[in-house]
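Peer 1: I have a structure I would like to understand better, so I am pasting it below and will then ask my questions one at a time.
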Amino acid sequence: MTDIRHVALVADDDEFFRMAISSILLERIGVAEVIEVGSLDEAMDRLGERSDITIALFDLAMPGMHGPANLGAVRETFPEILTAVVSASRRRQDILTTLDAGAHGYVPKGMGVEDLTRALKAILEGTIYVPPLLAQVSPEDHVGAQYSGAERRSAPDVLARLTPRQRDVLELLVKGQSNKEIARSLDLGEGTVKIHLAALFRNLGVRNRATAAVAGAQLIATQ
């Protein structure tokens, strides 16, 4: 983790869960301060009042949230803040909509303390955290059905369209590596990695890294 003294906002109407997350952030991760609120309106008020907040965690079921679509407004208003969902929902569509809204991660509440700590650390370090459960593709899940604006194709067809280098980049993206880390792993320039990512986005029919990672996890799981 960097030397930034993070200030976190935890927005959840479950007081005990707020306390648990705050404890992890303060004692295990070392953030400087945690601000706790119980609704989306309170969260927006605090974000407007405090210019030093660096990460904001939201529950999907708290008052005012009405699903992950509201995160888009948060991201547009406060683009410099790391934004993630920590929710009891394990619905694939909630996860995909959250990531498509530009969130930096989706963390299921059912995770253990160690896994929660790792997920939150990853988000603070700049990784878009995609929960492992998205790689668990059931037979009724049509790979490609979740891609934004993509034509519906089978996993083998999608993979066949990727070059070997694009597949390498996709595998590292799914593992949570940043552009710089991918460049180092593959001995490429960061500009070259961006070009490969742009091609990947077109082939997968997605708009950003988060949904590309989700699509990639599904594709890899079907191989």
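Within each chain, counting starts at residue 1; across the structure tokens, chains are named A, B, ... in the order shown, with ligands numbered 1 upward in that order.
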In stretch 2-218 of chain A, what's helix (DSSP H, G or I) per DSSP? Answer as a ChimeraX atom specification?

Peer 2: /A:15-29,40-49,70-77,92-100,113-124,132-135,155-160,164-174,179-186,190-204,209-218

Peer 1: List the spatial neighbours of A:Thr54 as a PyMOL selection string - criterion: any atom at most 10 Å away, only C-alpha atoms, same-chain residues fewer than 3 positions off excluded.

Peer 2: chain A and resi 4-9+31+47+50-51+78+80-83+124

Peer 1: Could you give me, as a list in words, the residues within 9 Å of A:Glu36, counting only C-alpha atoms and dropping anything in the same chain fewer than 4 positions from it?

Peer 2: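 Everything that qualifies: Ala8, Leu9, Val10, Ala11, Asp12, Glu15, Arg18, Met19, Ser22 and Ala43 of chain A.
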
Peer 1: Set the distance at 8 Å and use only C-alpha atoms: which residues neighbour A:Asp59 once local chain neighbours fewer than 3 positions away are removed? I'd like the list as a PyMOL selection string.

Peer 2: chain A and resi 11-13+62+65+85-87

Peer 1: Could you tell me how far atom CA of A:Pro63 sits from atom CA of A:Gly38, in Å to one decimal place?

Peer 2: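 Those two atoms sit 7.5 Å apart.
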
Peer 1: Restrict the calculation to only C-alpha atoms, then for each residue of stretch 31-134 of chain A with any atom at most 12 Å from an atom of stretch 170-191 of chain A give the closest atom pair and their distance in Å to one decimal, rows by chain and rising residue number, as a Markdown table.

Peer 2:
| residue | atom | partner | partner_atom | distance |
| --- | --- | --- | --- | --- |
| A:His104 | CA | A:Gly176 | CA | 11.1 |
| A:Gly105 | CA | A:Gly176 | CA | 10.6 |
| A:Ala119 | CA | A:Gly176 | CA | 10.7 |
| A:Ala122 | CA | A:Gly176 | CA | 8.3 |
| A:Ile123 | CA | A:Gly176 | CA | 9.8 |
| A:Glu125 | CA | A:Ser178 | CA | 9.7 |
| A:Gly126 | CA | A:Ser178 | CA | 7.6 |
| A:Thr127 | CA | A:Gly176 | CA | 5.7 |
| A:Ile128 | CA | A:Gly176 | CA | 6.5 |
| A:Tyr129 | CA | A:Gly176 | CA | 6.9 |
| A:Val130 | CA | A:Gly176 | CA | 8.1 |
| A:Pro131 | CA | A:Val174 | CA | 10.4 |
| A:Pro132 | CA | A:Val174 | CA | 9.9 |
| A:Leu134 | CA | A:Val174 | CA | 10.9 |

Peer 1: Using only C-alpha atoms, please write the residues we just selected to a file, as a JSON list (two decimals), in the first residue's frame.

Peer 2:
[["chain", "number", "residue", "atom", "x", "y", "z"],
["A", 104, "HIS", "CA", -13.49, 0.16, -8.02],
["A", 105, "GLY", "CA", -14.77, -3.11, -6.62],
["A", 119, "ALA", "CA", -10.08, -7.11, -0.95],
["A", 122, "ALA", "CA", -6.43, -4.27, -3.21],
["A", 123, "ILE", "CA", -8.93, -1.47, -3.81],
["A", 125, "GLU", "CA", -3.82, 0.00, -3.96],
["A", 126, "GLY", "CA", -5.69, 0.84, -7.15],
["A", 127, "THR", "CA", -6.89, -2.60, -8.21],
["A", 128, "ILE", "CA", -10.47, -3.06, -9.37],
["A", 129, "TYR", "CA", -11.64, -5.87, -7.11],
["A", 130, "VAL", "CA", -13.87, -8.46, -8.80],
["A", 131, "PRO", "CA", -15.20, -11.14, -6.41],
["A", 132, "PRO", "CA", -14.14, -14.72, -7.25],
["A", 134, "LEU", "CA", -18.15, -14.29, -10.77]]

Peer 1: Run DSSP on the backbone and tell me which residues of stretch 4-163 of chain A come out as strand (DSSP E); list them as a list in words.

Peer 2: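 Filtering stretch 4-163 of chain A down to strand (DSSP E) leaves Val7, Ala8, Leu9, Val10, Ala11, Glu33, Val34, Ile35, Glu36, Val37, Ile55, Ala56, Leu57, Phe58, Leu82, Thr83, Ala84, Val85, Val86, Ser87, Tyr106, Val107 and Pro108 of chain A.
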